[in-house]
file my_file38.pdb (PDB, C-alpha atoms)
ATOM      1  CA  MET Q   1       0.000   0.000   0.000  1.00  0.00           C
ATOM      2  CA  ASP Q   2       1.454   3.375  -0.904  1.00  0.00           C
ATOM      3  CA  ALA Q   3       1.547   6.412   1.386  1.00  0.00           C
ATOM      4  CA  LEU Q   4      -1.413   8.113  -0.346  1.00  0.00           C
ATOM      5  CA  GLN Q   5      -3.659   5.079   0.046  1.00  0.00           C
ATOM      6  CA  ASP Q   6      -2.517   4.631   3.625  1.00  0.00           C
ATOM      7  CA  TRP Q   7      -3.241   8.268   4.452  1.00  0.00           C
ATOM      8  CA  THR Q   8      -6.676   8.380   2.817  1.00  0.00           C
ATOM      9  CA  GLY Q   9      -7.499   4.990   4.346  1.00  0.00           C
ATOM     10  CA  ARG Q  10      -6.926   6.524   7.773  1.00  0.00           C
ATOM     11  CA  ALA Q  11      -8.160  10.076   7.177  1.00  0.00           C
ATOM     12  CA  ALA Q  12     -11.463   9.265   5.478  1.00  0.00           C
ATOM     13  CA  PRO Q  13     -12.953   7.151   8.293  1.00  0.00           C
ATOM     14  CA  ALA Q  14     -11.596   9.539  10.913  1.00  0.00           C
ATOM     15  CA  LEU Q  15     -13.642  12.259   9.198  1.00  0.00           C
ATOM     16  CA  GLY Q  16     -16.731  10.086   8.709  1.00  0.00           C
ATOM     17  CA  VAL Q  17     -16.193   9.547   4.981  1.00  0.00           C
ATOM     18  CA  ASP Q  18     -16.388   6.187   3.245  1.00  0.00           C
ATOM     19  CA  PRO Q  19     -12.884   5.291   1.989  1.00  0.00           C
ATOM     20  CA  ALA Q  20     -14.479   3.621  -1.041  1.00  0.00           C
ATOM     21  CA  LEU Q  21     -15.894   6.994  -2.103  1.00  0.00           C
ATOM     22  CA  VAL Q  22     -12.442   8.530  -1.848  1.00  0.00           C
ATOM     23  CA  ALA Q  23     -10.940   5.693  -3.875  1.00  0.00           C
ATOM     24  CA  ALA Q  24     -13.669   5.949  -6.521  1.00  0.00           C
ATOM     25  CA  THR Q  25     -13.086   9.660  -7.139  1.00  0.00           C
ATOM     26  CA  GLN Q  26      -9.434  10.054  -6.140  1.00  0.00           C
ATOM     27  CA  ASP Q  27      -7.963  10.339  -9.638  1.00  0.00           C
ATOM     28  CA  GLU Q  28     -10.588  12.850 -10.715  1.00  0.00           C
ATOM     29  CA  VAL Q  29     -10.019  14.998  -7.623  1.00  0.00           C
ATOM     30  CA  LEU Q  30      -6.252  14.923  -8.102  1.00  0.00           C
ATOM     31  CA  ASP Q  31      -6.670  15.866 -11.770  1.00  0.00           C
ATOM     32  CA  MET Q  32      -8.896  18.786 -10.782  1.00  0.00           C
ATOM     33  CA  VAL Q  33      -6.379  20.000  -8.209  1.00  0.00           C
ATOM     34  CA  ARG Q  34      -3.599  19.843 -10.810  1.00  0.00           C
ATOM     35  CA  ASP Q  35      -5.685  21.681 -13.390  1.00  0.00           C
ATOM     36  CA  VAL Q  36      -6.616  24.444 -10.951  1.00  0.00           C
ATOM     37  CA  ALA Q  37      -3.043  24.778  -9.696  1.00  0.00           C
ATOM     38  CA  HIS Q  38      -1.690  25.148 -13.217  1.00  0.00           C
ATOM     39  CA  GLY Q  39      -4.614  26.936 -14.799  1.00  0.00           C
ATOM     40  CA  VAL Q  40      -5.576  29.413 -12.095  1.00  0.00           C
ATOM     41  CA  LEU Q  41      -3.178  29.735  -9.184  1.00  0.00           C
ATOM     42  CA  ARG Q  42      -1.490  27.170  -6.936  1.00  0.00           C
ATOM     43  CA  PRO Q  43      -3.214  28.313  -3.714  1.00  0.00           C
ATOM     44  CA  ALA Q  44      -6.567  28.012  -5.494  1.00  0.00           C
ATOM     45  CA  ALA Q  45      -6.105  24.228  -5.803  1.00  0.00           C
ATOM     46  CA  PRO Q  46      -6.582  23.173  -2.161  1.00  0.00           C
ATOM     47  CA  LEU Q  47      -9.270  25.803  -1.653  1.00  0.00           C
ATOM     48  CA  THR Q  48     -11.155  24.523  -4.690  1.00  0.00           C
ATOM     49  CA  ALA Q  49     -10.871  20.954  -3.377  1.00  0.00           C
ATOM     50  CA  TYR Q  50     -12.332  22.196  -0.097  1.00  0.00           C
ATOM     51  CA  VAL Q  51     -15.224  23.925  -1.899  1.00  0.00           C
ATOM     52  CA  VAL Q  52     -15.860  20.787  -3.980  1.00  0.00           C
ATOM     53  CA  GLY Q  53     -16.076  18.815  -0.733  1.00  0.00           C
ATOM     54  CA  LEU Q  54     -18.481  21.298   0.802  1.00  0.00           C
ATOM     55  CA  ALA Q  55     -20.676  21.319  -2.304  1.00  0.00           C
ATOM     56  CA  ALA Q  56     -20.670  17.535  -2.591  1.00  0.00           C
ATOM     57  CA  GLY Q  57     -21.445  17.143   1.105  1.00  0.00           C
ATOM     58  CA  ARG Q  58     -24.338  19.555   0.852  1.00  0.00           C
ATOM     59  CA  ALA Q  59     -25.723  17.733  -2.194  1.00  0.00           C
ATOM     60  CA  ALA Q  60     -25.326  14.343  -0.512  1.00  0.00           C
ATOM     61  CA  ALA Q  61     -27.051  15.637   2.626  1.00  0.00           C
ATOM     62  CA  GLY Q  62     -29.911  16.659   0.345  1.00  0.00           C
ATOM     63  CA  GLY Q  63     -30.291  13.102  -0.881  1.00  0.00           C
ATOM     64  CA  ASP Q  64     -27.932  12.911  -3.868  1.00  0.00           C
ATOM     65  CA  ASP Q  65     -25.674   9.905  -4.245  1.00  0.00           C
ATOM     66  CA  PRO Q  66     -22.322  10.952  -2.702  1.00  0.00           C
ATOM     67  CA  GLU Q  67     -20.221   9.771  -5.651  1.00  0.00           C
ATOM     68  CA  THR Q  68     -22.503  11.569  -8.093  1.00  0.00           C
ATOM     69  CA  ALA Q  69     -22.360  14.680  -5.913  1.00  0.00           C
ATOM     70  CA  VAL Q  70     -18.543  14.695  -6.053  1.00  0.00           C
ATOM     71  CA  ARG Q  71     -18.511  14.143  -9.803  1.00  0.00           C
ATOM     72  CA  ASP Q  72     -21.107  16.873 -10.359  1.00  0.00           C
ATOM     73  CA  ALA Q  73     -19.030  19.351  -8.336  1.00  0.00           C
ATOM     74  CA  LEU Q  74     -15.889  18.366 -10.254  1.00  0.00           C
ATOM     75  CA  ALA Q  75     -17.729  18.844 -13.538  1.00  0.00           C
ATOM     76  CA  ARG Q  76     -18.758  22.350 -12.513  1.00  0.00           C
ATOM     77  CA  VAL Q  77     -15.132  23.192 -11.679  1.00  0.00           C
ATOM     78  CA  ALA Q  78     -14.103  21.869 -15.106  1.00  0.00           C
ATOM     79  CA  GLU Q  79     -16.665  24.191 -16.686  1.00  0.00           C
ATOM     80  CA  LEU Q  80     -15.260  27.113 -14.712  1.00  0.00           C
ATOM     81  CA  LEU Q  81     -11.732  26.251 -15.779  1.00  0.00           C
ATOM     82  CA  ASN Q  82     -12.832  26.397 -19.396  1.00  0.00           C
ATOM     83  CA  GLU Q  83     -14.150  29.917 -18.729  1.00  0.00           C
ATOM     84  CA  GLU Q  84     -11.106  31.042 -16.692  1.00  0.00           C
ATOM     85  CA  PRO Q  85      -8.426  32.997 -18.499  1.00  0.00           C
ATOM     86  CA  ALA Q  86      -4.955  31.469 -18.198  1.00  0.00           C
ATOM     87  CA  ALA Q  87      -3.051  32.444 -15.063  1.00  0.00           C
ATOM     88  CA  ALA Q  88      -0.466  35.139 -15.509  1.00  0.00           C
ATOM     89  CA  GLY Q  89       3.169  34.093 -15.016  1.00  0.00           C
TER      90      GLY Q  89
END
call {"tool": "encode", "arguments": {"input": "my_file38.pdb", "output": "structure tokens"}}
result
Amino acid sequence: MDALQDWTGRAAPALGVDPALVAATQDEVLDMVRDVAHGVLRPAAPLTAYVVGLAAGRAAAGGDDPETAVRDALARVAELLNEEPAAAG
């Protein structure tokens, strides 16, 4: 098991999140963070991941499937990135 899997396998349950959900969306979340870091601004990447989590949690609390909620939030960020002008420097 690599360090990332070990960490998420411990962090997710400690925060009340199903580790299977993290595993199912991990690559997409990491891709989003990379795209935001390179396309907007590096500090925007973790903040965007946080906002995605808040949005997905809110949608799941409203009855949406948690995995679908994460993917929907990621899709909205992708749309925003397509609208965002390239970061300067």
call {"tool": "atom_distance", "arguments": {"input": "my_file38.pdb", "atom1": "CA of Trp7 in chain Q", "atom2": "CA of Thr68 in chain Q"}}
result
23.2 Å
call {"tool": "closest_residue", "arguments": {"input": "my_file38.pdb", "among": "Q:Val22, Q:Ala75, Q:Met32, Q:Ala61", "to": "Ala44 in chain Q", "atoms": "only C-alpha atoms"}}
result
Q:Met32
call {"tool": "residues_around", "arguments": {"input": "my_file38.pdb", "residues": "range 77-81 of chain Q", "least_positions_apart": "6", "cutoff": "12 Å", "atoms": "all atoms listed in the file", "output": "PyMOL selection string"}}
result
chain Q and resi 28-29+31-41+44-45+47-53+55+70-71+87
call {"tool": "closest_residue", "arguments": {"input": "my_file38.pdb", "among": "Q:Leu74, Q:Glu83, Q:Leu30, Q:Gly63", "to": "Leu4 in chain Q", "atoms": "only C-alpha atoms"}}
result
Q:Leu30
call {"tool": "atom_distance", "arguments": {"input": "my_file38.pdb", "atom1": "CA of Gly9 in chain Q", "atom2": "CA of Thr25 in chain Q"}}
result
13.6 Å
call {"tool": "axis_aligned_box", "arguments": {"input": "my_file38.pdb", "around": "range 69-80 of chain Q", "padding_each_side": "6 Å", "output": "lines of an AutoDock Vina configuration file"}}
result
center_x = -18.2
center_y = 20.6
center_z = -11.3
size_x = 20.3
size_y = 25.0
size_z = 22.8
call {"tool": "build_atoms", "arguments": {"input": "my_file38.pdb", "residues": "range 45-65 of chain Q", "atoms": "N, CA and C atoms", "output": "CSV table (one decimal), in the frame of the given file"}}
result
chain,number,residue,atom,x,y,z
Q,45,ALA,N,-5.9,25.7,-5.7
Q,45,ALA,CA,-6.1,24.2,-5.8
Q,45,ALA,C,-6.7,23.6,-4.5
Q,46,PRO,N,-6.0,23.8,-3.4
Q,46,PRO,CA,-6.6,23.2,-2.2
Q,46,PRO,C,-7.9,23.8,-1.8
Q,47,LEU,N,-8.0,25.1,-2.0
Q,47,LEU,CA,-9.3,25.8,-1.7
Q,47,LEU,C,-10.4,25.3,-2.5
Q,48,THR,N,-10.1,25.0,-3.8
Q,48,THR,CA,-11.2,24.5,-4.7
Q,48,THR,C,-11.5,23.1,-4.3
Q,49,ALA,N,-10.6,22.3,-3.9
Q,49,ALA,CA,-10.9,21.0,-3.4
Q,49,ALA,C,-11.8,21.0,-2.1
Q,50,TYR,N,-11.5,22.0,-1.3
Q,50,TYR,CA,-12.3,22.2,-0.1
Q,50,TYR,C,-13.8,22.6,-0.5
Q,51,VAL,N,-13.9,23.5,-1.4
Q,51,VAL,CA,-15.2,23.9,-1.9
Q,51,VAL,C,-16.0,22.8,-2.6
Q,52,VAL,N,-15.2,22.0,-3.4
Q,52,VAL,CA,-15.9,20.8,-4.0
Q,52,VAL,C,-16.4,19.9,-2.9
Q,53,GLY,N,-15.6,19.7,-1.8
Q,53,GLY,CA,-16.1,18.8,-0.7
Q,53,GLY,C,-17.3,19.4,0.0
Q,54,LEU,N,-17.3,20.7,0.2
Q,54,LEU,CA,-18.5,21.3,0.8
Q,54,LEU,C,-19.7,21.1,-0.1
Q,55,ALA,N,-19.5,21.4,-1.4
Q,55,ALA,CA,-20.7,21.3,-2.3
Q,55,ALA,C,-21.2,19.9,-2.4
Q,56,ALA,N,-20.3,18.9,-2.5
Q,56,ALA,CA,-20.7,17.5,-2.6
Q,56,ALA,C,-21.3,17.1,-1.3
Q,57,GLY,N,-20.8,17.5,-0.2
Q,57,GLY,CA,-21.4,17.1,1.1
Q,57,GLY,C,-22.8,17.7,1.2
Q,58,ARG,N,-23.0,18.9,0.8
Q,58,ARG,CA,-24.3,19.6,0.9
Q,58,ARG,C,-25.3,18.8,-0.1
Q,59,ALA,N,-24.9,18.5,-1.3
Q,59,ALA,CA,-25.7,17.7,-2.2
Q,59,ALA,C,-26.1,16.3,-1.7
Q,60,ALA,N,-25.1,15.7,-1.1
Q,60,ALA,CA,-25.3,14.3,-0.5
Q,60,ALA,C,-26.3,14.4,0.7
Q,61,ALA,N,-26.1,15.5,1.5
Q,61,ALA,CA,-27.1,15.6,2.6
Q,61,ALA,C,-28.5,15.9,2.1
Q,62,GLY,N,-28.6,16.4,0.9
Q,62,GLY,CA,-29.9,16.7,0.3
Q,62,GLY,C,-30.5,15.4,-0.4
Q,63,GLY,N,-29.8,14.3,-0.3
Q,63,GLY,CA,-30.3,13.1,-0.9
Q,63,GLY,C,-29.6,12.6,-2.1
Q,64,ASP,N,-28.7,13.4,-2.7
Q,64,ASP,CA,-27.9,12.9,-3.9
Q,64,ASP,C,-27.0,11.8,-3.5
Q,65,ASP,N,-26.7,10.9,-4.4
Q,65,ASP,CA,-25.7,9.9,-4.2
Q,65,ASP,C,-24.3,10.6,-4.0
